[in-house]
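K.L.:
Enclosed is the structure file model37.cif (mmCIF, C-alpha atoms and all ligand atoms).
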```cif
data_query
#
loop_
_atom_site.label_atom_id
_atom_site.label_comp_id
_atom_site.auth_asym_id
_atom_site.auth_seq_id
_atom_site.Cartn_x
_atom_site.Cartn_y
_atom_site.Cartn_z
CA MET A 643 -30.17 25.13 9.40
CA GLN A 644 -28.57 22.95 12.04
CA GLY A 645 -26.65 19.68 11.85
CA ILE A 646 -25.65 16.65 13.88
CA TYR A 647 -22.10 15.30 13.82
CA VAL A 648 -21.18 11.83 15.09
CA HIS A 649 -17.52 11.05 15.66
CA ILE A 650 -16.30 7.46 15.22
CA PRO A 651 -12.70 7.49 16.51
CA PHE A 652 -11.36 4.18 15.19
CA CYS A 653 -8.98 3.55 12.29
CA HIS A 654 -7.15 0.51 11.01
CA ARG A 655 -3.87 2.37 11.00
CA LYS A 656 -2.83 5.93 11.81
CA CYS A 657 -1.94 7.83 8.63
CA GLY A 658 1.35 9.71 8.56
CA TYR A 659 -0.23 13.15 8.12
CA CYS A 660 -3.26 12.75 10.38
CA ASP A 661 -3.85 14.66 13.59
CA PHE A 662 -7.58 13.89 13.80
CA ASN A 663 -8.95 12.37 16.96
CA SER A 664 -8.55 8.83 15.66
CA TYR A 665 -6.88 5.70 17.03
CA ALA A 666 -5.64 2.38 15.71
CA GLY A 667 -5.55 -0.78 17.79
CA LEU A 668 -8.54 -0.06 20.04
CA ASP A 669 -10.71 -2.93 18.79
CA THR A 670 -11.72 -3.94 22.29
CA LEU A 671 -13.33 -0.52 22.79
CA VAL A 672 -15.62 -0.72 19.76
CA GLU A 673 -18.58 -2.34 21.49
CA PRO A 674 -18.40 -0.27 24.69
CA PHE A 675 -18.00 2.81 22.50
CA VAL A 676 -21.17 2.10 20.51
CA ASP A 677 -23.02 1.54 23.77
CA ALA A 678 -21.66 4.81 25.22
CA LEU A 679 -22.62 6.70 22.07
CA HIS A 680 -26.20 5.45 22.39
CA ARG A 681 -26.23 6.68 25.97
CA GLU A 682 -24.92 10.10 25.00
CA ILE A 683 -27.66 10.39 22.37
CA GLU A 684 -30.24 9.28 24.93
CA GLN A 685 -29.08 11.93 27.43
CA SER A 686 -29.01 14.87 25.01
CA PRO A 687 -30.96 17.88 26.26
CA TYR A 688 -31.83 18.72 22.66
CA ALA A 689 -34.28 15.85 22.16
CA GLY A 690 -37.06 16.72 19.73
CA GLU A 691 -35.06 19.52 18.11
CA ARG A 692 -35.08 19.75 14.30
CA PHE A 693 -31.85 19.01 12.39
CA ASP A 694 -31.28 19.30 8.65
CA THR A 695 -28.11 17.26 8.23
CA VAL A 696 -26.37 14.31 9.87
CA PHE A 697 -22.69 13.57 9.33
CA PHE A 698 -20.83 10.49 10.57
CA GLY A 699 -17.12 11.31 10.49
CA GLY A 700 -13.93 10.12 12.03
CA GLY A 701 -11.73 8.28 12.23
CA THR A 702 -13.23 5.70 9.99
CA PRO A 703 -17.00 5.32 10.53
CA THR A 704 -17.03 2.24 8.30
CA TYR A 705 -14.72 0.59 10.85
CA LEU A 706 -18.06 -0.15 12.56
CA SER A 707 -20.43 -2.72 11.13
CA GLY A 708 -23.32 -1.58 8.95
CA GLU A 709 -25.67 -2.74 11.73
CA ALA A 710 -23.95 -0.60 14.37
CA LEU A 711 -23.99 2.50 12.14
CA ALA A 712 -27.64 1.88 11.22
CA SER A 713 -28.62 1.52 14.89
CA ILE A 714 -26.92 4.82 15.77
CA LEU A 715 -28.69 6.61 12.92
CA GLU A 716 -32.00 5.05 13.93
CA HIS A 717 -31.49 6.24 17.48
CA LEU A 718 -30.80 9.79 16.26
CA THR A 719 -33.95 9.65 14.13
CA CYS A 720 -36.03 8.61 17.13
CA ARG A 721 -34.55 11.19 19.45
CA PHE A 722 -34.47 14.24 17.15
CA ALA A 723 -36.67 15.65 14.40
CA ILE A 724 -34.39 14.88 11.47
CA ALA A 725 -35.77 16.69 8.41
CA PRO A 726 -37.37 14.31 5.88
CA ASN A 727 -35.00 15.52 3.13
CA ALA A 728 -31.96 15.66 5.41
CA GLU A 729 -28.52 15.09 3.91
CA ILE A 730 -27.15 12.08 5.83
CA THR A 731 -23.46 11.43 5.16
CA CYS A 732 -21.16 8.65 6.21
CA GLU A 733 -17.41 8.95 5.70
CA ALA A 734 -15.92 5.74 4.40
CA ASN A 735 -12.48 4.44 3.66
CA PRO A 736 -12.14 2.47 0.44
CA GLY A 737 -10.23 -0.29 2.24
CA SER A 738 -12.90 -0.81 4.86
CA VAL A 739 -16.23 -1.21 3.07
CA SER A 740 -18.20 -4.08 1.60
CA LEU A 741 -21.19 -4.11 -0.73
CA ALA A 742 -23.37 -5.63 2.01
CA GLN A 743 -22.36 -2.92 4.46
CA LEU A 744 -23.05 -0.12 1.97
CA ARG A 745 -26.45 -1.64 1.13
CA LEU A 746 -27.28 -1.66 4.80
CA LEU A 747 -26.25 1.96 5.19
CA ARG A 748 -28.38 3.02 2.24
CA GLN A 749 -31.40 1.13 3.57
CA ALA A 750 -30.87 2.70 7.00
CA GLY A 751 -31.26 6.17 5.49
CA PHE A 752 -27.71 7.33 4.72
CA ASN A 753 -27.90 9.12 1.37
CA ARG A 754 -24.35 10.44 0.90
CA LEU A 755 -20.96 8.76 1.14
CA SER A 756 -17.66 10.54 1.42
CA PHE A 757 -14.66 8.42 0.47
CA GLY A 758 -11.18 9.23 1.72
CA VAL A 759 -9.40 8.43 -1.55
CA GLN A 760 -6.46 10.87 -1.19
CA SER A 761 -4.55 9.63 -4.26
CA PHE A 762 -4.79 7.23 -7.19
CA HIS A 763 -1.09 6.31 -6.98
CA LEU A 764 -0.17 3.28 -4.89
CA ASP A 765 3.22 4.66 -3.84
CA GLU A 766 1.64 7.92 -2.65
CA LEU A 767 -0.99 6.00 -0.71
CA GLN A 768 1.68 3.85 0.88
CA ARG A 769 3.78 6.88 1.79
CA MET A 770 0.72 8.26 3.59
CA ASP A 771 0.16 4.90 5.39
CA ARG A 772 -3.26 4.53 3.79
CA ILE A 773 -4.59 0.99 3.89
CA HIS A 774 -6.25 0.93 0.48
CA THR A 775 -5.14 0.57 -3.14
CA PRO A 776 -6.39 2.52 -6.18
CA ALA A 777 -8.20 -0.64 -7.34
CA GLU A 778 -10.13 -0.69 -4.05
CA VAL A 779 -11.29 2.86 -4.69
CA LEU A 780 -12.80 1.82 -8.02
CA GLN A 781 -14.43 -1.16 -6.36
CA SER A 782 -15.84 0.89 -3.47
CA VAL A 783 -17.30 3.52 -5.77
CA ALA A 784 -18.90 0.80 -7.91
CA TRP A 785 -20.36 -0.82 -4.77
CA ALA A 786 -21.65 2.54 -3.54
CA ARG A 787 -23.52 3.06 -6.84
CA GLU A 788 -24.80 -0.51 -6.75
CA ALA A 789 -26.04 0.04 -3.20
CA GLY A 790 -28.06 3.02 -4.45
CA PHE A 791 -25.98 6.04 -3.40
CA GLU A 792 -26.57 8.95 -5.76
CA ASN A 793 -24.44 11.46 -3.88
CA LEU A 794 -20.75 10.64 -3.53
CA ASN A 795 -17.79 12.69 -2.47
CA LEU A 796 -14.17 11.80 -3.09
CA ASP A 797 -11.38 13.41 -1.03
CA LEU A 798 -7.96 13.94 -2.59
CA ILE A 799 -4.83 15.55 -1.13
CA PHE A 800 -2.24 17.56 -3.05
CA ALA A 801 1.23 18.84 -2.16
CA LEU A 802 2.14 15.33 -1.02
CA PRO A 803 5.78 14.33 -0.50
CA GLN A 804 7.51 13.89 -3.86
CA GLN A 805 4.27 14.60 -5.75
CA THR A 806 4.65 16.20 -9.16
CA LEU A 807 2.10 18.32 -11.00
CA GLU A 808 1.65 15.50 -13.55
CA ARG A 809 0.88 12.92 -10.88
CA TRP A 810 -1.60 15.26 -9.20
CA GLU A 811 -3.26 15.82 -12.57
CA ALA A 812 -3.58 12.05 -13.06
CA SER A 813 -5.26 11.66 -9.66
CA VAL A 814 -7.74 14.48 -10.29
CA ARG A 815 -8.55 13.13 -13.77
CA GLN A 816 -9.08 9.66 -12.36
CA ALA A 817 -11.39 11.01 -9.65
CA ILE A 818 -13.41 12.98 -12.21
CA ALA A 819 -13.66 9.88 -14.42
CA LEU A 820 -15.57 8.17 -11.60
CA GLN A 821 -18.17 10.95 -11.84
CA PRO A 822 -18.72 11.70 -8.17
CA GLU A 823 -21.19 14.47 -7.41
CA HIS A 824 -18.66 16.20 -5.15
CA LEU A 825 -14.89 16.53 -4.81
CA SER A 826 -12.87 17.76 -1.82
CA LEU A 827 -9.35 18.65 -2.93
CA TYR A 828 -7.17 19.62 0.02
CA ALA A 829 -3.59 20.76 0.34
CA LEU A 830 -1.52 18.68 2.72
CA MET A 831 -1.17 20.37 6.12
CA LEU A 832 1.81 19.49 8.25
CA GLU A 833 0.34 19.08 11.72
CA PRO A 834 2.50 18.77 14.85
CA ASN A 835 2.61 15.30 16.39
CA THR A 836 2.30 13.50 13.08
CA ARG A 837 4.87 11.24 11.47
CA PHE A 838 5.08 13.61 8.48
CA TYR A 839 5.82 16.56 10.75
CA HIS A 840 8.69 14.77 12.47
CA LEU A 841 10.14 13.70 9.14
CA TYR A 842 9.89 17.27 7.91
CA GLN A 843 11.67 18.57 11.02
CA LYS A 844 14.48 16.14 10.32
CA GLY A 845 14.67 17.27 6.68
CA GLN A 846 13.44 13.89 5.44
CA LEU A 847 10.19 14.94 3.76
CA ARG A 848 10.50 16.39 0.29
CA LEU A 849 7.44 18.52 -0.41
CA PRO A 850 6.62 20.29 -3.69
CA ASP A 851 7.72 23.95 -3.84
CA GLU A 852 5.13 26.60 -3.06
CA GLU A 853 5.00 27.49 -6.75
CA VAL A 854 4.11 23.91 -7.65
CA GLN A 855 1.51 23.79 -4.87
CA VAL A 856 -0.19 26.86 -6.30
CA ALA A 857 -0.07 25.28 -9.77
CA MET A 858 -1.72 22.15 -8.30
CA PHE A 859 -4.53 24.24 -6.83
CA ARG A 860 -5.06 26.09 -10.12
CA LEU A 861 -5.00 22.85 -12.08
CA ALA A 862 -7.66 21.39 -9.76
CA GLN A 863 -9.81 24.47 -10.37
CA GLN A 864 -9.37 24.16 -14.13
CA LEU A 865 -9.98 20.41 -14.44
CA THR A 866 -13.05 20.43 -12.21
CA ALA A 867 -14.53 23.44 -14.03
CA GLU A 868 -14.04 21.71 -17.38
CA ALA A 869 -15.87 18.67 -15.98
CA GLY A 870 -18.89 20.68 -14.80
CA TYR A 871 -18.09 21.09 -11.11
CA HIS A 872 -18.21 24.50 -9.51
CA GLN A 873 -15.90 25.54 -6.74
CA TYR A 874 -18.07 26.75 -3.87
CA GLU A 875 -15.45 26.69 -1.12
CA ILE A 876 -11.66 26.93 -1.12
CA SER A 877 -11.25 23.13 -1.22
CA ASN A 878 -14.67 21.94 -2.35
CA TYR A 879 -16.23 21.42 -5.78
CA ALA A 880 -19.73 20.19 -6.57
CA LYS A 881 -22.05 19.39 -9.44
CA PRO A 882 -24.97 21.87 -9.26
CA GLY A 883 -27.18 21.09 -6.26
CA TYR A 884 -24.68 18.76 -4.58
CA GLU A 885 -22.86 21.22 -2.30
CA CYS A 886 -22.32 19.58 1.09
CA GLN A 887 -25.15 20.92 3.23
CA HIS A 888 -23.51 19.80 6.47
CA ASN A 889 -20.26 21.64 5.84
CA MET A 890 -22.22 24.72 4.75
CA ILE A 891 -23.61 24.79 8.29
CA TYR A 892 -20.05 25.10 9.62
CA TRP A 893 -19.06 27.74 7.09
CA ARG A 894 -22.15 29.79 7.87
CA ASN A 895 -21.39 29.42 11.57
CA GLU A 896 -24.79 27.88 12.20
CA PRO A 897 -25.60 25.50 15.11
CA TYR A 898 -24.49 21.88 15.26
CA LEU A 899 -24.61 19.16 17.86
CA GLY A 900 -21.72 16.70 18.15
CA PHE A 901 -21.69 13.22 19.63
CA GLY A 902 -18.72 11.00 20.40
CA PRO A 903 -15.20 11.57 21.72
CA GLY A 904 -13.70 14.92 20.75
CA ALA A 905 -16.91 15.99 19.00
CA VAL A 906 -17.53 19.74 19.00
CA SER A 907 -20.98 21.26 19.48
CA TYR A 908 -22.13 24.82 18.89
CA MET A 909 -25.63 25.45 20.16
CA GLU A 910 -27.23 28.69 21.39
CA GLY A 911 -23.93 30.58 21.04
CA ARG A 912 -22.08 28.14 23.29
CA ARG A 913 -19.35 25.91 21.90
CA TRP A 914 -18.03 22.87 23.70
CA THR A 915 -15.78 19.91 22.99
CA ASN A 916 -16.20 16.39 24.33
CA ILE A 917 -13.36 14.59 26.08
CA LYS A 918 -11.10 13.21 23.36
CA HIS A 919 -9.93 9.72 24.22
CA PRO A 920 -12.52 6.99 23.60
CA ARG A 921 -11.56 5.17 26.82
CA GLU A 922 -12.15 8.24 28.97
CA TYR A 923 -15.30 9.03 27.00
CA ILE A 924 -16.70 5.58 27.78
CA ARG A 925 -15.64 5.81 31.44
CA ARG A 926 -17.30 9.20 31.92
CA ILE A 927 -20.54 8.08 30.29
CA HIS A 928 -20.72 5.09 32.66
CA ALA A 929 -19.76 7.18 35.69
CA GLY A 930 -22.40 9.78 34.81
CA GLU A 931 -19.68 12.45 34.62
CA PRO A 932 -19.83 15.40 32.19
CA LEU A 933 -18.19 14.78 28.81
CA GLU A 934 -17.14 18.36 28.28
CA LEU A 935 -13.43 18.99 28.00
CA GLU A 936 -13.73 22.73 27.39
CA TRP A 937 -16.32 25.29 26.43
CA GLU A 938 -16.64 28.93 25.46
CA ARG A 939 -19.40 31.38 24.75
CA LEU A 940 -18.89 33.47 21.67
CA THR A 941 -20.48 36.88 21.69
CA GLY A 942 -20.36 40.23 19.94
CA TRP A 943 -17.43 40.99 17.69
CA ASP A 944 -15.79 37.60 18.35
CA SER A 945 -18.81 35.91 16.79
CA VAL A 946 -18.80 38.32 13.87
CA ALA A 947 -15.07 37.78 13.20
CA GLU A 948 -15.53 34.04 13.36
CA THR A 949 -18.53 34.14 11.04
CA LEU A 950 -16.49 36.22 8.59
CA MET A 951 -13.51 33.88 8.81
CA LEU A 952 -15.65 30.83 8.10
CA GLY A 953 -17.92 32.51 5.57
CA LEU A 954 -15.05 33.81 3.48
CA ARG A 955 -14.04 30.22 2.81
CA MET A 956 -17.10 30.10 0.55
CA VAL A 957 -16.56 31.40 -2.94
CA ASP A 958 -19.81 33.42 -2.80
CA GLY A 959 -18.46 35.24 0.25
CA VAL A 960 -20.38 36.94 3.02
CA ASP A 961 -23.20 39.47 2.94
CA LEU A 962 -22.26 42.16 5.44
CA HIS A 963 -25.83 43.43 5.59
CA ALA A 964 -27.06 39.97 6.65
CA LEU A 965 -24.32 39.88 9.31
CA GLU A 966 -25.47 43.25 10.66
CA GLN A 967 -29.01 41.91 10.93
CA ARG A 968 -27.85 38.69 12.57
CA PHE A 969 -25.59 40.25 15.20
CA GLY A 970 -27.11 43.72 15.56
CA LEU A 971 -23.68 45.35 15.12
CA PRO A 972 -22.38 47.92 12.59
CA VAL A 973 -20.26 45.33 10.79
CA HIS A 974 -19.58 47.30 7.63
CA GLN A 975 -18.49 50.45 9.43
CA HIS A 976 -16.34 48.53 11.92
CA TYR A 977 -14.40 46.60 9.28
CA ALA A 978 -14.32 49.27 6.55
CA PRO A 979 -10.55 49.98 6.98
CA VAL A 980 -9.67 46.24 6.98
CA ILE A 981 -11.82 45.59 3.94
CA ALA A 982 -10.26 48.55 2.08
CA GLN A 983 -6.77 47.25 2.91
CA LEU A 984 -7.56 43.72 1.75
CA ILE A 985 -9.13 45.02 -1.46
CA ALA A 986 -6.00 47.11 -2.10
CA ARG A 987 -3.86 43.98 -1.65
CA GLY A 988 -5.98 42.22 -4.25
CA TRP A 989 -7.26 39.53 -1.84
CA LEU A 990 -10.83 40.72 -1.40
CA GLU A 991 -13.53 42.16 -3.64
CA GLN A 992 -16.80 43.81 -2.78
CA HIS A 993 -20.05 43.70 -4.76
CA GLY A 994 -22.83 45.70 -3.13
CA THR A 995 -22.91 44.52 0.49
CA THR A 996 -21.13 41.22 -0.23
CA ILE A 997 -17.40 40.67 0.24
CA ARG A 998 -15.56 37.66 -1.12
CA LEU A 999 -12.06 36.41 -1.75
CA THR A 1000 -10.54 37.05 -5.17
CA GLN A 1001 -8.83 34.23 -7.07
CA GLU A 1002 -5.58 35.41 -5.48
CA GLY A 1003 -7.28 35.73 -2.08
CA LEU A 1004 -8.35 32.05 -2.16
CA LEU A 1005 -4.65 31.28 -1.58
CA TRP A 1006 -4.45 33.64 1.40
CA HIS A 1007 -7.54 32.87 3.43
CA SER A 1008 -5.67 32.49 6.76
CA GLU A 1009 -4.08 35.93 6.41
CA VAL A 1010 -7.42 37.48 5.49
CA ALA A 1011 -9.09 35.84 8.50
CA LEU A 1012 -6.33 37.10 10.78
CA ALA A 1013 -6.86 40.67 9.57
CA PHE A 1014 -10.51 40.48 10.69
CA PHE A 1015 -9.59 38.93 14.06
CA GLU A 1016 -6.94 41.56 14.76
CA LYS A 1017 -9.34 44.46 14.18
S1 LIG B 1 -8.07 7.08 7.92
FE1 LIG B 1 -8.49 9.28 8.15
S2 LIG B 1 -8.89 9.60 10.33
FE2 LIG B 1 -7.93 7.57 10.10
S3 LIG B 1 -5.79 7.93 10.47
FE3 LIG B 1 -6.09 8.05 8.26
S4 LIG B 1 -6.50 10.22 7.83
FE4 LIG B 1 -6.71 9.90 10.02
#
```
Reformat the file's structure so that it appears as C-alpha cells.
Ligand code: SF4
P.N.:
Amino acid sequence: MQGIYVHIPFCHRKCGYCDFNSYAGLDTLVEPFVDALHREIEQSPYAGERFDTVFFGGGTPTYLSGEALASILEHLTCRFAIAPNAEITCEANPGSVSLAQLRLLRQAGFNRLSFGVQSFHLDELQRMDRIHTPAEVLQSVAWAREAGFENLNLDLIFALPQQTLERWEASVRQAIALQPEHLSLYALMLEPNTRFYHLYQKGQLRLPDEEVQVAMFRLAQQLTAEAGYHQYEISNYAKPGYECQHNMIYWRNEPYLGFGPGAVSYMEGRRWTNIKHPREYIRRIHAGEPLELEWERLTGWDSVAETLMLGLRMVDGVDLHALEQRFGLPVHQHYAPVIAQLIARGWLEQHGTTIRLTQEGLLWHSEVALAFFEK
C-alpha cells in the first residue's frame, strides 16, 4: 500500500502543547499557499502512480474553505491513480467546521473525518489553548453524520495538567457515547519550544504522576474494550474494519508521498522533508527552487530497525519472517539476543515468527525501539 499526505499549516491559535508545523496569524498566506500546493502536485514526478489512502493533516485543514480542500483533492485524483476504495481523511477541528463545509467535503470524496477533540472539559480545553468548547464537539459530530460521514475518529489527550483519573474517564466515556468508529487516545508529550514545556521548566505545570498516567492508559484500554473497540496500536482503537489505513502505512514503513510545507515523503527507500515555513515554501515554488529541506536514504539494517520500531507500535506486532523476505537479511538471527533480553524483561513476546509488545511492553515502546537501534 502507499499513501498521500497533504499538510495544511494554518491554525486559529497555537495550542500550548503543540510542536507541529502549524502557524496562527498567517491568513494572508492562505491563497498563495493553496496555489503553491496545486503547483507542487502538478510538478510531482510520481504522476499516474497508484495510492491507497489520502490524508489531509495539519495544522487545521478545515481552516481552508470546503471549496479549496475539494479542489486540492480533485487535483490529486486527476494527477494520481487514487484507488476507488481509498480511505480519504480530513483532520478537522470542532471549532472550525460548518455543516455546509462538511457536506462539500463528503461530496468531494472525503470519507473519513478525524476530529481533534482532546477533552470534554472546558477548563482543560482552555488550558490547552484550544478554540472549541465541548458543545461544539457534539455539534461537529452531529454535522459530520448529517453530511454523510460513516467513519469518524476522535482524538483525546491524557496526562494533561491537573487532570485526574475521574476527569479522564469522563472524557473517554463522553467520546464513546458519540459512537465514533475510531478513537486516538494519546498521552501528552512535553515538546521543547512549546508553552507547556516552558511552564514545566519553571515548575508551573502540574502533571499527573506516572502512576496515574499508567492508570489512565489502562482505563482507556478497559473502557474502549467494553464498548467494542479493539486496540490495534499503542494509542489507537477501532471498531472492527475501521483501523486507520493511512497510519498503518506509516507503521508498516510503506511508501508515502507528502505535499505541503514540512511534509515528509518516503518513496523508493528515500525519505525527504519539505521546507517547513509556508512563506518559504511558497517562495521556493514560485522561484522554481527545490522544496527539500533534508533527505536520507535508508538501507540495510537501518531500514530493518526502523521497520521494527514502527511495526512494534501495532498490537499484532511484526512477523520476522516477512521482514527477512522484504529486506533479504537474517533478521531473526541478528536480533536473537535483543529479543531474548526483551522477553526476559517482560516487554516482548514471541509467537512463531511474530514478535509483539506485551501489555507491560506497550508502556515501554521507546526503550524497546532503542534496543533494536543499538544492536
Ligand atoms: S490545532 Fe492542532 S496543529 Fe493547530 S496548534 Fe492546536 S494542536 Fe497544533
K.L.:
Smallest atom-to-atom distance to His993 (chain A): which of A:Glu1016, A:Glu1009, A:Glu792, A:Asp958, using all atoms listed in the file?
P.N.:
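Closest candidate: A:Asp958.
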K.L.:
Write as a PyMOL selection string the residues around ligand LIG 1 (chain B), taking 9 Å as the cut-off and counting all atoms listed in the file.
P.N.:
chain A and resi 651-666+699-702+734-735+758+770-773
K.L.:
If we draw a sphere of 12 Å around (-29.5, -1.6, 1.4), which residues have at least one atom in it when counting all atoms listed in the file? Please report them as a PDB file with C-alpha atoms, in the frame of the given file.
P.N.:
```
ATOM      1  CA  GLY A 708     -23.320  -1.580   8.950  1.00  0.00           C
ATOM      2  CA  GLU A 709     -25.670  -2.740  11.730  1.00  0.00           C
ATOM      3  CA  ALA A 712     -27.640   1.880  11.220  1.00  0.00           C
ATOM      4  CA  SER A 740     -18.200  -4.080   1.600  1.00  0.00           C
ATOM      5  CA  LEU A 741     -21.190  -4.110  -0.730  1.00  0.00           C
ATOM      6  CA  ALA A 742     -23.370  -5.630   2.010  1.00  0.00           C
ATOM      7  CA  GLN A 743     -22.360  -2.920   4.460  1.00  0.00           C
ATOM      8  CA  LEU A 744     -23.050  -0.120   1.970  1.00  0.00           C
ATOM      9  CA  ARG A 745     -26.450  -1.640   1.130  1.00  0.00           C
ATOM     10  CA  LEU A 746     -27.280  -1.660   4.800  1.00  0.00           C
ATOM     11  CA  LEU A 747     -26.250   1.960   5.190  1.00  0.00           C
ATOM     12  CA  ARG A 748     -28.380   3.020   2.240  1.00  0.00           C
ATOM     13  CA  GLN A 749     -31.400   1.130   3.570  1.00  0.00           C
ATOM     14  CA  ALA A 750     -30.870   2.700   7.000  1.00  0.00           C
ATOM     15  CA  GLY A 751     -31.260   6.170   5.490  1.00  0.00           C
ATOM     16  CA  PHE A 752     -27.710   7.330   4.720  1.00  0.00           C
ATOM     17  CA  ASN A 753     -27.900   9.120   1.370  1.00  0.00           C
ATOM     18  CA  TRP A 785     -20.360  -0.820  -4.770  1.00  0.00           C
ATOM     19  CA  ALA A 786     -21.650   2.540  -3.540  1.00  0.00           C
ATOM     20  CA  ARG A 787     -23.520   3.060  -6.840  1.00  0.00           C
ATOM     21  CA  GLU A 788     -24.800  -0.510  -6.750  1.00  0.00           C
ATOM     22  CA  ALA A 789     -26.040   0.040  -3.200  1.00  0.00           C
ATOM     23  CA  GLY A 790     -28.060   3.020  -4.450  1.00  0.00           C
ATOM     24  CA  PHE A 791     -25.980   6.040  -3.400  1.00  0.00           C
TER      25      PHE A 791
END
```
K.L.:
Between CA of Ala880 (chain A) and CA of Leu827 (chain A), what is the distance in Å, rounded to a tenth?
P.N.:
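Calculated distance between CA of Ala880 (chain A) and CA of Leu827 (chain A) is 11.1 Å.
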K.L.:
Mind checking which residues fall within 10 Å of Leu820 (chain A), counting only C-alpha atoms, ignoring those fewer than 5 positions away in the same chain, and posting them as number ranges by chain?
P.N.:
A: 779-780, 783-784, 794, 796, 815
K.L.:
Quick one, how far is CA of Val856 (chain A) from CA of Tyr839 (chain A)?
P.N.:
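Distance reported for this atom pair: 20.8 Å.
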K.L.:
N, CA and C atoms are needed for region 968-982 of chain A; please write them out as an mmCIF file, keeping the file's coordinate frame.
P.N.:
```
data_model
loop_
_atom_site.group_PDB
_atom_site.id
_atom_site.type_symbol
_atom_site.label_atom_id
_atom_site.label_comp_id
_atom_site.auth_asym_id
_atom_site.auth_seq_id
_atom_site.Cartn_x
_atom_site.Cartn_y
_atom_site.Cartn_z
ATOM 1 N N ARG A 968 -27.988 39.859 11.691
ATOM 2 C CA ARG A 968 -27.850 38.690 12.570
ATOM 3 C C ARG A 968 -27.262 39.072 13.934
ATOM 4 N N PHE A 969 -26.273 39.950 13.934
ATOM 5 C CA PHE A 969 -25.590 40.250 15.200
ATOM 6 C C PHE A 969 -25.942 41.604 15.786
ATOM 7 N N GLY A 970 -26.708 42.407 15.039
ATOM 8 C CA GLY A 970 -27.110 43.720 15.560
ATOM 9 C C GLY A 970 -25.922 44.638 15.794
ATOM 10 N N LEU A 971 -24.887 44.519 14.963
ATOM 11 C CA LEU A 971 -23.680 45.350 15.120
ATOM 12 C C LEU A 971 -23.349 46.028 13.783
ATOM 13 N N PRO A 972 -22.705 47.200 13.837
ATOM 14 C CA PRO A 972 -22.380 47.920 12.590
ATOM 15 C C PRO A 972 -21.161 47.311 11.893
ATOM 16 N N VAL A 973 -21.348 46.129 11.334
ATOM 17 C CA VAL A 973 -20.260 45.330 10.790
ATOM 18 C C VAL A 973 -19.483 46.078 9.699
ATOM 19 N N HIS A 974 -20.234 46.667 8.770
ATOM 20 C CA HIS A 974 -19.580 47.300 7.630
ATOM 21 C C HIS A 974 -18.678 48.447 8.075
ATOM 22 N N GLN A 975 -19.234 49.276 8.941
ATOM 23 C CA GLN A 975 -18.490 50.450 9.430
ATOM 24 C C GLN A 975 -17.238 50.006 10.214
ATOM 25 N N HIS A 976 -17.421 49.009 11.054
ATOM 26 C CA HIS A 976 -16.340 48.530 11.920
ATOM 27 C C HIS A 976 -15.146 48.003 11.112
ATOM 28 N N TYR A 977 -15.471 47.256 10.041
ATOM 29 C CA TYR A 977 -14.400 46.600 9.280
ATOM 30 C C TYR A 977 -13.981 47.367 8.024
ATOM 31 N N ALA A 978 -14.595 48.546 7.797
ATOM 32 C CA ALA A 978 -14.320 49.270 6.550
ATOM 33 C C ALA A 978 -12.812 49.420 6.271
ATOM 34 N N PRO A 979 -11.986 49.818 7.283
ATOM 35 C CA PRO A 979 -10.550 49.980 6.980
ATOM 36 C C PRO A 979 -9.883 48.646 6.606
ATOM 37 N N VAL A 980 -10.252 47.564 7.287
ATOM 38 C CA VAL A 980 -9.670 46.240 6.980
ATOM 39 C C VAL A 980 -10.058 45.820 5.577
ATOM 40 N N ILE A 981 -11.329 45.994 5.264
ATOM 41 C CA ILE A 981 -11.820 45.590 3.940
ATOM 42 C C ILE A 981 -11.084 46.391 2.843
ATOM 43 N N ALA A 982 -10.943 47.700 3.076
ATOM 44 C CA ALA A 982 -10.260 48.550 2.080
ATOM 45 C C ALA A 982 -8.817 48.062 1.875
#
```
